[in-house]
Amino acid sequence: MPIEVLLIEDSPGDVRLTQEAFRDANKSIHLHVASDGVEAMAFLRREGPHAHAPRPELILLDLNLPKMDGREVLVHIKEDASLKTIPTVILTTSESEADIAKSYQLQANCYLSKPVQLDAFESLVKSINDFWLTKVKLPQQRQNG
Amino acid sequence: MKTKSLLSRRLQLAFGSAILALLVVGAISYRGMAESRESDRWVRHTHEVLENLQDLLAAMQIVESNARGYLLTGNESFLEIYRAGIVKTDKDQAIVRELTMDNAGQQRKLDALALLADQKFQLAEKVIGLRRTNGLEAATEAIQKGSGKQIMDDFQKLIGQMQDEELRLLALREADSYRRLSQTKAILMLGIILGLLITGIAGWSAQHDHSARGLAEEALRDSEEKYRRLVQGVQDYAILMLGPQGEIRSWNPGSERMTGCKFEEVAGKNYSRFFSPEDIARGRPEEVLRMAAATGSYEDQGMRVRKNGARFLVRTTYTASRDLAGNLRGFSVVSRDLSRGSESDAKYRGLLEAAPDAMVVVNQGGEIVLLNVQAEKQFGYSRDELVGQKVKNIIPEGFAERLIADGTRSAADALAQQIGTGIELIALRKNGSEFPIEIMLSPLESAEGTLVTAAIRDISVRRAAENHLAQMEGRYRGLLEAAPDAMVVVNQGGEIVLLNVQAEKQFGYSRDELVGQKVKNIIPEGFAERLIADGTRTAAEALAQQIGTGIELIARRKNGSEFPIEIMLSPLESAEGTLITAAIRDISVRRAAEKHLAQMEGRYRGLLEAAPDAMVVVNQRGEIVLLNVQAEKQFGYSRDELVGQKVKNIIPEGFAERLVADALRSVEDALAQQIGTGIELVARRKNKSEFPIEIMLSPLESAEGILVTAAVRDITTRKKAEANLLNKMEELNRSNEELGQFAYIASHDLQEPLRMVASYTQLLSRRYKGKLDSDADEFIAFAVDGAGRMQRLIQDLLAYSRVGTKGKDLLDISSEEALQQALINLRGAIQEKGALVTHGPLPTVFADEMQLIQLFQNLIGNAIKYQNPGVPEVHISAGMNGGKKWTFSVKDNGLGIDPQYFEKIFGMFQRLHKREEFAGTGIGLAICKKIVERHGGSISVESQPGQGSTFRFALAESENKS
């Protein structure tokens, strides 16, 4: 059974790195990518070309996105009754206290800073997998459509 | 029948009495004629005597002239006539003697004449003899020496006297006879009238009834009575008949009235009883009679005494009455009381009535003789009720006693003692109520003796006022005693009349010692002078000028020491005149304070002038009272231009407002808020240019109240410097910000691409190691290495920059805890190397916790890293070392450092070892240095190669000492 994870990230380099890291961590993870907030919401709401998109079990959200900012995306997700139950993890380069506080205020499930070193990054992804996708009990939500 | 007999009896009676009357009249007429014959005879006699006396004189004169003639001429013919003259004188004398046989007095005179004549003759004989024998000169000499002239004069005088006597006797006789004739006439008239009347009545009554006759008789009696009264009823005259010795034989009712005696009381007694005792003592009554007897008639004016002892003035004529033989039969006395109805009396009564006070005139018996209408009103009596009353009835005590002469002194003396002084007594009204009076006595001589006039004033009001005054005085004394200041009351004579206990204390006297003393004794100068009225103004005016103002004088204590005082005068009306109350305050302390203040002010002024800053002293109204030369220079004014000006003119805003008391707080409060702080304001010079100043205010107590001293400093340069500084700071801040931004850029924006590079090169290396050729491996390896280094460098740079930009405020933190945290952070490295880290007691310090942790971490990390193989040992300690900072030491047993590199190692990215030997960017110590410097300290190292190193740094101790 593939684990659907949505990665909302605009930097292709970071996307590839994350992909590689998740591949190493857990081969059953199916990593979807949205490169901006609008696309992300369309995917989550299964709008347009994403009509048949699967519902992710985990959302990894970068804060600094073009068009719709990551914070906005967070707000939308958490306002949507059907979407807010999906654990949303902020994954960003920013370490600023303000961003951290704001994210939690907006009800992000947790906040992670991307390490600069590759191995540290890979370790982090592994942790995410270990924690969120293995240990944590996720709600059963098999919705079609 | 009865009537008829009565009638005839009456008729008989009438006629009988008519005949009787006629007979009496005849007798009296005869007598009267005899009288007049006698009187004629006397007149003839007198003339005869007179003539003879004259002849005698003439004869005497002939004698003399002839004697003289002979003396002068020596002619014998003169002598003949001379001798004939002598004979004549003898003859004349004899005649006269014979004629005046009945008059003893004349006889005596004749004797005297004879004597004189003899003397004259003898002298003449002598002179003639001398003439005959010795000649003219001798005779003339003898004449001159002799008393011839004198004799002649006496002779002549005596003759004159005798003539006078004769004339007087004649007059007397004539008067007598005239009187007798008058009497006779009167009686005659009376008799005739009587006769006629009787006849008339008889006739009339014969025809009229009983009642008519009775009426006529009554009428007659009436008229008789009237006539008698007419003759006898002269009230103002006393007419008495005295015997030769003065015994009272008869008198008229006027005498009774004048003397107050009844005739029965005095009949037969001597009239001298009515004289005053003094007159009686010197025999005046007898003398008067003698004079009267001698001269026939004598007039006298003198004092007599009434029965009640009252004296009165009389004018009396005494006439001696003699019988035909010349014997003294007695005296007739006619006396007039001069004290009655005189003009002065009337005037006096008028004054009395008009007097505003009650006036009562009292005699020596204590009876009221006179009073005025005011007295009636005051005492509530009518005049009649009071006249004659004892004055005791209206003035029970004190008046009568004072008047009555007691045994030791006379009434006049008794009175004299009372005259003039006002005597306070109690008077009694008719209704029994009493009221206080003051009486002023004055004597009044009157015909009735010394009377006393008493002016009586009702002093009830005055008494009430006196009581009130006494009360006020009582109260005043109370106030005086209670006064906090010394109070002294002085009279116009400059004597102390009153003082309070404070005055006793201040002057060191007891009350008794001061009362009555001259105030000069305690206030030598300045007080008494101000009070005493001098010739130009009254005491009241002198006082008025002084009242109210406090006058500074010098006072003297009992022990002689002097002290300055301030006196405040106020006038005080009292019964004894205007007194002056002086409140006396000892101002020694005040004087000393004033002196001190003046001294201080003097010193202050000196300081002010000498001050390097401009100093301006301002009063509470915001006016400049004082300034120094610096102020003149600074503001560009001269001193005179500024003193008195409002400080607003040189400091437009901010100064005056701070000073002026507003409604909410006093000047002191307003000032207190400003004192000490330097206030920056803008000042204006005379040329209107403005410049920034800083003023420092401090209060100054002065006699004029609280003044404010402002030190005014021109801070133009400082302001510029400040502005510069501000600019610089702004620049710095900007550059810091830029730097910070740069750091951020470095950290964030640079990191991103770097991360890509580093990550992918690593991925490349991982995935394609051995899958490409060895060159590719090497190339990729170098790329990876480079990227990695760059990442580390940027991270260190970021860390370094964060020391300043991300530094937190310094707080009290436990350096021990910071160390522990650092060690936790380093546990990996510590475990790996098996390092032994120890430390001593570490204090609380004033520091940024994160940075302190980083500091420890870097130093301890270095200590562990730069080691030879073996067990690294690190020891951390802290000590004060006699300063205010904690000096920390991190000592290790590592490689040590060559002293030449001590400075270098703290530089940025400075390394002493190859990368292969030891990892690290060389930023660690630079960060440590920056941290320590941020904490206000410095970092240093002690080391020798191969002997380990000791890094030292100092941190400020905690603000709260631990």
# chains A, B, ... in the order shown; residues from 1 in each chain; ligands from 1
call {"tool": "closest_atom_pairs", "arguments": {"of": "region 24-70 of chain A", "to": "region 121-140 of chain A", "cutoff": "10 Å", "atoms": "only C-alpha atoms", "output": "Markdown table"}}
result
| residue | atom | partner | partner_atom | distance |
| --- | --- | --- | --- | --- |
| A:Asp24 | CA | A:Lys126 | CA | 8.2 |
| A:Ala25 | CA | A:Lys126 | CA | 5.3 |
| A:Asn26 | CA | A:Asn129 | CA | 7.1 |
| A:Ile29 | CA | A:Asn129 | CA | 9.0 |
| A:Glu57 | CA | A:Leu138 | CA | 7.5 |
| A:Leu58 | CA | A:Trp132 | CA | 7.8 |
| A:Leu60 | CA | A:Ile128 | CA | 9.9 |
call {"tool": "select_by_dssp", "arguments": {"residues": "region 320-530 of chain B", "states": "strand (DSSP E or B)", "output": "PyMOL selection string"}}
result
chain B and resi 320-322+328-337+358-362+367-371+390+422-428+434-446+449-458+486-490+495-499+518
call {"tool": "residues_around", "arguments": {"residues": "Gly560 (chain B)", "least_positions_apart": "2", "cutoff": "10 Å", "atoms": "only C-alpha atoms", "output": "PDB file with N, CA and C atoms, in the first residue's frame"}}
result
ATOM      1  N   PHE B 507      14.079  90.991  81.118  1.00  0.00           N
ATOM      2  CA  PHE B 507      14.964  92.015  81.643  1.00  0.00           C
ATOM      3  C   PHE B 507      15.675  91.591  82.914  1.00  0.00           C
ATOM      4  N   GLY B 508      15.217  90.460  83.472  1.00  0.00           N
ATOM      5  CA  GLY B 508      15.900  89.948  84.653  1.00  0.00           C
ATOM      6  C   GLY B 508      15.555  90.695  85.918  1.00  0.00           C
ATOM      7  N   ILE B 522      15.594 100.543  81.408  1.00  0.00           N
ATOM      8  CA  ILE B 522      15.689  99.282  80.677  1.00  0.00           C
ATOM      9  C   ILE B 522      15.830  99.490  79.181  1.00  0.00           C
ATOM     10  N   ALA B 555      18.124  97.214  74.457  1.00  0.00           N
ATOM     11  CA  ALA B 555      17.598  97.132  75.818  1.00  0.00           C
ATOM     12  C   ALA B 555      18.698  96.666  76.754  1.00  0.00           C
ATOM     13  N   ARG B 556      18.498  96.963  78.033  1.00  0.00           N
ATOM     14  CA  ARG B 556      19.512  96.594  79.024  1.00  0.00           C
ATOM     15  C   ARG B 556      18.906  95.754  80.117  1.00  0.00           C
ATOM     16  N   ARG B 557      19.526  94.637  80.405  1.00  0.00           N
ATOM     17  CA  ARG B 557      19.028  93.775  81.475  1.00  0.00           C
ATOM     18  C   ARG B 557      19.502  94.279  82.830  1.00  0.00           C
ATOM     19  N   LYS B 558      19.017  93.606  83.855  1.00  0.00           N
ATOM     20  CA  LYS B 558      19.394  93.986  85.217  1.00  0.00           C
ATOM     21  C   LYS B 558      20.894  93.805  85.400  1.00  0.00           C
ATOM     22  N   GLU B 562      23.407  94.052  77.397  1.00  0.00           N
ATOM     23  CA  GLU B 562      22.496  94.678  76.452  1.00  0.00           C
ATOM     24  C   GLU B 562      22.080  93.686  75.378  1.00  0.00           C
ATOM     25  N   PHE B 563      20.898  93.883  74.826  1.00  0.00           N
ATOM     26  CA  PHE B 563      20.458  93.003  73.749  1.00  0.00           C
ATOM     27  C   PHE B 563      19.523  93.792  72.832  1.00  0.00           C
TER      28      PHE B 563
END
call {"tool": "closest_atom_pairs", "arguments": {"of": "chain A", "to": "chain B", "cutoff": "10 Å", "atoms": "only C-alpha atoms", "output": "tab-separated table"}}
result
residue	atom	partner	partner_atom	distance
A:Ser11	CA	B:Glu752	CA	9.7
A:Pro12	CA	B:Met756	CA	9.9
A:Gly13	CA	B:Met756	CA	6.4
A:Asp14	CA	B:Met756	CA	7.4
A:Arg16	CA	B:Tyr760	CA	9.5
A:Leu17	CA	B:Ser759	CA	7.8
A:Glu20	CA	B:Leu763	CA	9.2
A:Thr93	CA	B:His748	CA	8.0
A:Ser94	CA	B:His748	CA	7.9
A:Glu95	CA	B:His748	CA	9.6
A:Lys114	CA	B:Arg755	CA	9.9
A:Pro115	CA	B:Arg755	CA	8.8
A:Val116	CA	B:Arg755	CA	5.5
A:Gln117	CA	B:Ser759	CA	6.8
A:Leu118	CA	B:Ser759	CA	5.0
A:Asp119	CA	B:Ser759	CA	8.4
A:Phe121	CA	B:Ser759	CA	9.1
call {"tool": "residues_around", "arguments": {"residues": "Asn619 (chain B)", "least_positions_apart": "6", "cutoff": "8 Å", "atoms": "only C-alpha atoms", "output": "ChimeraX atom specification"}}
result
/B:625,705-708
call {"tool": "write_last_selection", "arguments": {"atoms": "all heavy atoms", "output": "mmCIF file, in the first residue's frame"}}
result
data_model
loop_
_atom_site.group_PDB
_atom_site.id
_atom_site.type_symbol
_atom_site.label_atom_id
_atom_site.label_comp_id
_atom_site.auth_asym_id
_atom_site.auth_seq_id
_atom_site.Cartn_x
_atom_site.Cartn_y
_atom_site.Cartn_z
ATOM 1 N N VAL B 625 17.570 89.404 39.972
ATOM 2 C CA VAL B 625 18.019 90.289 41.042
ATOM 3 C C VAL B 625 19.551 90.375 41.078
ATOM 4 O O VAL B 625 20.116 91.316 41.629
ATOM 5 C CB VAL B 625 17.491 89.843 42.418
ATOM 6 C CG1 VAL B 625 15.983 89.979 42.455
ATOM 7 C CG2 VAL B 625 17.896 88.427 42.731
ATOM 8 N N GLY B 705 12.872 86.402 50.527
ATOM 9 C CA GLY B 705 12.145 85.180 50.198
ATOM 10 C C GLY B 705 13.066 84.207 49.480
ATOM 11 O O GLY B 705 14.283 84.349 49.480
ATOM 12 N N ILE B 706 12.465 83.229 48.864
ATOM 13 C CA ILE B 706 13.285 82.213 48.206
ATOM 14 C C ILE B 706 13.682 82.722 46.827
ATOM 15 O O ILE B 706 12.819 83.053 45.997
ATOM 16 C CB ILE B 706 12.517 80.893 48.075
ATOM 17 C CG1 ILE B 706 12.201 80.357 49.486
ATOM 18 C CG2 ILE B 706 13.346 79.886 47.304
ATOM 19 C CD1 ILE B 706 11.415 79.087 49.457
ATOM 20 N N LEU B 707 14.980 82.787 46.617
ATOM 21 C CA LEU B 707 15.464 83.140 45.289
ATOM 22 C C LEU B 707 15.982 81.876 44.625
ATOM 23 O O LEU B 707 16.262 80.881 45.277
ATOM 24 C CB LEU B 707 16.613 84.158 45.364
ATOM 25 C CG LEU B 707 16.309 85.432 46.136
ATOM 26 C CD1 LEU B 707 17.551 86.292 46.201
ATOM 27 C CD2 LEU B 707 15.170 86.192 45.466
ATOM 28 N N VAL B 708 16.101 81.929 43.322
ATOM 29 C CA VAL B 708 16.614 80.781 42.594
ATOM 30 C C VAL B 708 17.898 81.183 41.896
ATOM 31 O O VAL B 708 17.929 82.153 41.147
ATOM 32 C CB VAL B 708 15.593 80.291 41.557
ATOM 33 C CG1 VAL B 708 16.198 79.149 40.766
ATOM 34 C CG2 VAL B 708 14.319 79.856 42.233
#
call {"tool": "closest_residue", "arguments": {"among": "B:Met600, B:Met258, B:Ala267, B:Leu700", "to": "Val305 (chain B)", "atoms": "only C-alpha atoms"}}
result
B:Met258
call {"tool": "residues_around", "arguments": {"residues": "Glu39 (chain A)", "least_positions_apart": "4", "cutoff": "12 Å", "atoms": "only C-alpha atoms", "output": "PyMOL selection string"}}
result
chain A and resi 6-10+32-35+43-51+53+65-70+73
call {"tool": "atom_distance", "arguments": {"atom1": "CA of Asn500 (chain B)", "atom2": "CA of Glu473 (chain B)"}}
result
13.7 Å
call {"tool": "closest_residue", "arguments": {"among": "B:Leu56, B:Leu136, B:Leu169, B:Leu681", "to": "Thr100 (chain B)", "atoms": "only C-alpha atoms"}}
result
B:Leu169
call {"tool": "atom_distance", "arguments": {"atom1": "CA of Asp892 (chain B)", "atom2": "CA of Asn858 (chain B)"}}
result
13.0 Å
call {"tool": "residues_around", "arguments": {"residues": "Lys78 (chain A)", "least_positions_apart": "4", "cutoff": "12 Å", "atoms": "only C-alpha atoms", "output": "number ranges by chain"}}
result
A: 41, 44, 59, 71-74, 82-88, 103-109
call {"tool": "write_last_selection", "arguments": {"atoms": "N, CA and C atoms", "output": "short mmCIF file (atom, residue, chain, number, x, y, z; two decimals), in the first residue's frame"}}
result
data_model
loop_
_atom_site.label_atom_id
_atom_site.label_comp_id
_atom_site.auth_asym_id
_atom_site.auth_seq_id
_atom_site.Cartn_x
_atom_site.Cartn_y
_atom_site.Cartn_z
N MET A 41 -3.50 23.52 -3.07
CA MET A 41 -4.90 23.49 -2.71
C MET A 41 -5.73 22.76 -3.74
N LEU A 44 -5.25 19.20 -3.10
CA LEU A 44 -5.94 18.71 -1.91
C LEU A 44 -7.44 18.68 -2.11
N ILE A 59 1.27 15.99 5.03
CA ILE A 59 1.63 17.14 4.21
C ILE A 59 2.90 17.75 4.74
N ARG A 71 2.02 29.96 4.65
CA ARG A 71 1.17 30.24 5.82
C ARG A 71 -0.30 30.23 5.43
N GLU A 72 -0.55 30.81 4.26
CA GLU A 72 -1.92 30.85 3.76
C GLU A 72 -2.43 29.45 3.53
N VAL A 73 -1.57 28.65 2.87
CA VAL A 73 -1.93 27.26 2.61
C VAL A 73 -2.31 26.58 3.91
N LEU A 74 -1.49 26.79 4.91
CA LEU A 74 -1.74 26.19 6.23
C LEU A 74 -3.11 26.57 6.73
N SER A 82 -12.54 18.96 5.98
CA SER A 82 -12.09 17.65 5.48
C SER A 82 -10.59 17.52 5.41
N LEU A 83 -9.93 18.67 5.38
CA LEU A 83 -8.47 18.61 5.20
C LEU A 83 -7.71 18.73 6.51
N LYS A 84 -8.38 19.33 7.50
CA LYS A 84 -7.57 19.69 8.66
C LYS A 84 -7.12 18.50 9.49
N THR A 85 -7.70 17.41 9.22
CA THR A 85 -7.26 16.24 9.99
C THR A 85 -5.97 15.65 9.45
N ILE A 86 -5.54 16.13 8.30
CA ILE A 86 -4.27 15.62 7.75
C ILE A 86 -3.13 16.28 8.47
N PRO A 87 -2.22 15.53 9.10
CA PRO A 87 -1.07 16.14 9.79
C PRO A 87 -0.24 16.96 8.80
N THR A 88 -0.05 18.26 9.21
CA THR A 88 0.72 19.16 8.34
C THR A 88 1.99 19.57 9.05
N SER A 103 3.46 29.45 12.91
CA SER A 103 3.07 28.16 12.36
C SER A 103 2.23 27.39 13.36
N TYR A 104 2.72 27.36 14.59
CA TYR A 104 1.94 26.62 15.60
C TYR A 104 0.62 27.28 15.87
N GLN A 105 0.65 28.63 15.83
CA GLN A 105 -0.60 29.35 16.00
C GLN A 105 -1.62 28.92 14.93
N LEU A 106 -1.11 28.75 13.75
CA LEU A 106 -2.00 28.37 12.65
C LEU A 106 -2.28 26.86 12.64
N GLN A 107 -1.86 26.27 13.72
CA GLN A 107 -2.17 24.88 13.98
C GLN A 107 -1.41 23.88 13.12
N ALA A 108 -0.16 24.29 12.79
CA ALA A 108 0.71 23.28 12.17
C ALA A 108 0.95 22.18 13.17
N ASN A 109 1.04 20.97 12.69
CA ASN A 109 1.23 19.84 13.61
C ASN A 109 2.62 19.83 14.21
#
call {"tool": "atom_distance", "arguments": {"atom1": "CA of Thr716 (chain B)", "atom2": "CA of Arg639 (chain B)"}}
result
23.0 Å
call {"tool": "residues_around", "arguments": {"residues": "Gln161 (chain B)", "least_positions_apart": "5", "cutoff": "10 Å", "atoms": "only C-alpha atoms", "output": "list of chain:residue names"}}
result
B:Gln106, B:Lys109, B:Phe155, B:Gln156, B:Glu166, B:Leu167
